[in-house]
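Visitor: Take this structure, written in structure tokens, and hold onto it; I'll ask about it next.
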Amino acid sequence: SNLMIVMEMMEGGSVWSQLREGGPLPPFRMRANWAIDTGKGMSYLHREDNQILHMDLKSPNLLLDSSLRVKVY
């Protein structure tokens, strides 16, 4: 009966850290891709068969993998 939380390592940090602490602003195309990835993730979570409401969508909860693709956490 041990409870665990298993998370994926996200090498890119968060969107918040990339925008606020990462130095120069990332190129527009990359930021646009982040918005598209976020929309796709939220659409997946809110699908009728999932019935998951995120309720805390903000840039610190948008994590970037090693390819700088967004995953919603």
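Residues in the structure tokens are named by chain (A, B, ... in the order shown) and by number from 1 within that chain; ligands are numbered from 1 in the order shown.
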Determine which residues of chain A DSSP labels as strand (DSSP E) from the backbone of this structure, then write them out as a list in words.

Guide: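 Those in chain A that DSSP calls strand (DSSP E) are Leu62, Leu63, Leu64, Val70, Lys71 and Val72 of chain A.
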
Visitor: Point out the residue among A:Asp56, A:Asp49, A:Glu21, A:Glu11 with the least atom-to-atom distance to Arg69 (chain A), counting only C-alpha atoms.

Guide: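 Among the listed residues, the smallest separation from Arg69 (chain A) belongs to A:Glu11.
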
Visitor: Tell me, as an NGL selection string, which residues lie within 8 Å of Val72 (chain A), counting only C-alpha atoms; anything in the same chain fewer than 3 positions away does not count.

Guide: :A and (38 or 41-42 or 61-63)

Visitor: Would you put the residues from that selection into a file with N, CA, C and O atoms, as a PDB file, in the first residue's frame?

Guide:
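This went into result_0.pdb:
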```pdb
ATOM      1  N   THR A  38       0.052  23.528 -25.998  1.00  0.00           N
ATOM      2  CA  THR A  38      -0.793  23.733 -24.818  1.00  0.00           C
ATOM      3  C   THR A  38      -2.257  23.500 -25.173  1.00  0.00           C
ATOM      4  O   THR A  38      -2.976  22.806 -24.439  1.00  0.00           O
ATOM      5  N   GLY A  41      -2.860  19.798 -25.604  1.00  0.00           N
ATOM      6  CA  GLY A  41      -2.864  19.112 -24.310  1.00  0.00           C
ATOM      7  C   GLY A  41      -4.152  19.345 -23.539  1.00  0.00           C
ATOM      8  O   GLY A  41      -4.741  18.420 -22.976  1.00  0.00           O
ATOM      9  N   MET A  42      -4.607  20.591 -23.522  1.00  0.00           N
ATOM     10  CA  MET A  42      -5.859  20.899 -22.821  1.00  0.00           C
ATOM     11  C   MET A  42      -7.047  20.247 -23.520  1.00  0.00           C
ATOM     12  O   MET A  42      -7.967  19.753 -22.862  1.00  0.00           O
ATOM     13  N   ASN A  61       3.139  25.512 -14.973  1.00  0.00           N
ATOM     14  CA  ASN A  61       2.632  24.147 -15.123  1.00  0.00           C
ATOM     15  C   ASN A  61       2.725  23.639 -16.555  1.00  0.00           C
ATOM     16  O   ASN A  61       2.215  22.570 -16.859  1.00  0.00           O
ATOM     17  N   LEU A  62       3.363  24.397 -17.415  1.00  0.00           N
ATOM     18  CA  LEU A  62       3.615  23.973 -18.788  1.00  0.00           C
ATOM     19  C   LEU A  62       5.097  23.635 -18.876  1.00  0.00           C
ATOM     20  O   LEU A  62       5.950  24.520 -18.879  1.00  0.00           O
ATOM     21  N   LEU A  63       5.411  22.341 -18.900  1.00  0.00           N
ATOM     22  CA  LEU A  63       6.802  21.895 -18.847  1.00  0.00           C
ATOM     23  C   LEU A  63       7.307  21.539 -20.236  1.00  0.00           C
ATOM     24  O   LEU A  63       6.549  21.101 -21.101  1.00  0.00           O
TER      25      LEU A  63
END
```

Visitor: What residues in region 2-72 of chain A get the DSSP label helix (DSSP H, G or I)? Please answer as a VMD selection string.

Guide: chain A and resid 15 to 20 28 to 45 59 to 61

Visitor: Could you please take those selected residues and save C-alpha atoms as a PDB file, in the first residue's frame?

Guide:
```pdb
ATOM      1  CA  VAL A  15       7.529  27.866 -20.059  1.00  0.00           C
ATOM      2  CA  TRP A  16       7.639  30.401 -17.234  1.00  0.00           C
ATOM      3  CA  SER A  17      11.357  29.827 -16.650  1.00  0.00           C
ATOM      4  CA  GLN A  18      12.108  30.032 -20.392  1.00  0.00           C
ATOM      5  CA  LEU A  19      10.239  33.343 -20.676  1.00  0.00           C
ATOM      6  CA  ARG A  20      11.434  34.948 -17.421  1.00  0.00           C
ATOM      7  CA  PHE A  28       8.047  33.779 -32.132  1.00  0.00           C
ATOM      8  CA  ARG A  29       7.672  30.433 -33.957  1.00  0.00           C
ATOM      9  CA  MET A  30       8.776  28.518 -30.844  1.00  0.00           C
ATOM     10  CA  ARG A  31       6.355  30.463 -28.638  1.00  0.00           C
ATOM     11  CA  ALA A  32       3.566  29.829 -31.175  1.00  0.00           C
ATOM     12  CA  ASN A  33       4.360  26.089 -31.071  1.00  0.00           C
ATOM     13  CA  TRP A  34       4.151  26.227 -27.270  1.00  0.00           C
ATOM     14  CA  ALA A  35       0.666  27.735 -27.560  1.00  0.00           C
ATOM     15  CA  ILE A  36      -0.384  25.033 -30.039  1.00  0.00           C
ATOM     16  CA  ASP A  37       1.041  22.257 -27.818  1.00  0.00           C
ATOM     17  CA  THR A  38      -0.793  23.733 -24.818  1.00  0.00           C
ATOM     18  CA  GLY A  39      -4.080  23.844 -26.727  1.00  0.00           C
ATOM     19  CA  LYS A  40      -3.669  20.235 -27.854  1.00  0.00           C
ATOM     20  CA  GLY A  41      -2.864  19.112 -24.310  1.00  0.00           C
ATOM     21  CA  MET A  42      -5.859  20.899 -22.821  1.00  0.00           C
ATOM     22  CA  SER A  43      -8.098  19.554 -25.588  1.00  0.00           C
ATOM     23  CA  TYR A  44      -6.928  16.028 -24.760  1.00  0.00           C
ATOM     24  CA  LEU A  45      -7.553  16.477 -21.036  1.00  0.00           C
ATOM     25  CA  SER A  59       3.068  28.920 -17.418  1.00  0.00           C
ATOM     26  CA  PRO A  60       4.855  27.217 -14.452  1.00  0.00           C
ATOM     27  CA  ASN A  61       2.632  24.147 -15.123  1.00  0.00           C
TER      28      ASN A  61
END
```

Visitor: How many Å lie between CA of His54 (chain A) and CA of Pro27 (chain A), rounded to one decimal?

Guide: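 Straight-line distance from CA of His54 (chain A) to CA of Pro27 (chain A) works out to 27.5 Å.
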
Visitor: Nearest residue to Leu64 (chain A) out of A:Leu3, A:Ile52, A:Glu8, A:Ser14, using only C-alpha atoms?

Guide: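 Of all the options, A:Ser14 lies closest to Leu64 (chain A).
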
Visitor: For a test of reading the model, state the distance in Å between CA of Ser66 (chain A) and CA of Ile5 (chain A), rounded to one decimal.

Guide: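 CA of Ile5 (chain A) lies at a distance of 21.2 Å from CA of Ser66 (chain A).
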
Visitor: Select, from A:Asp65, A:Tyr73, A:Leu25, A:Asn2, the residue with the minimum atom-to-atom distance to Leu53 (chain A), counting only C-alpha atoms.

Guide: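 With only C-alpha atoms as the atom set, the closest residue is A:Tyr73.
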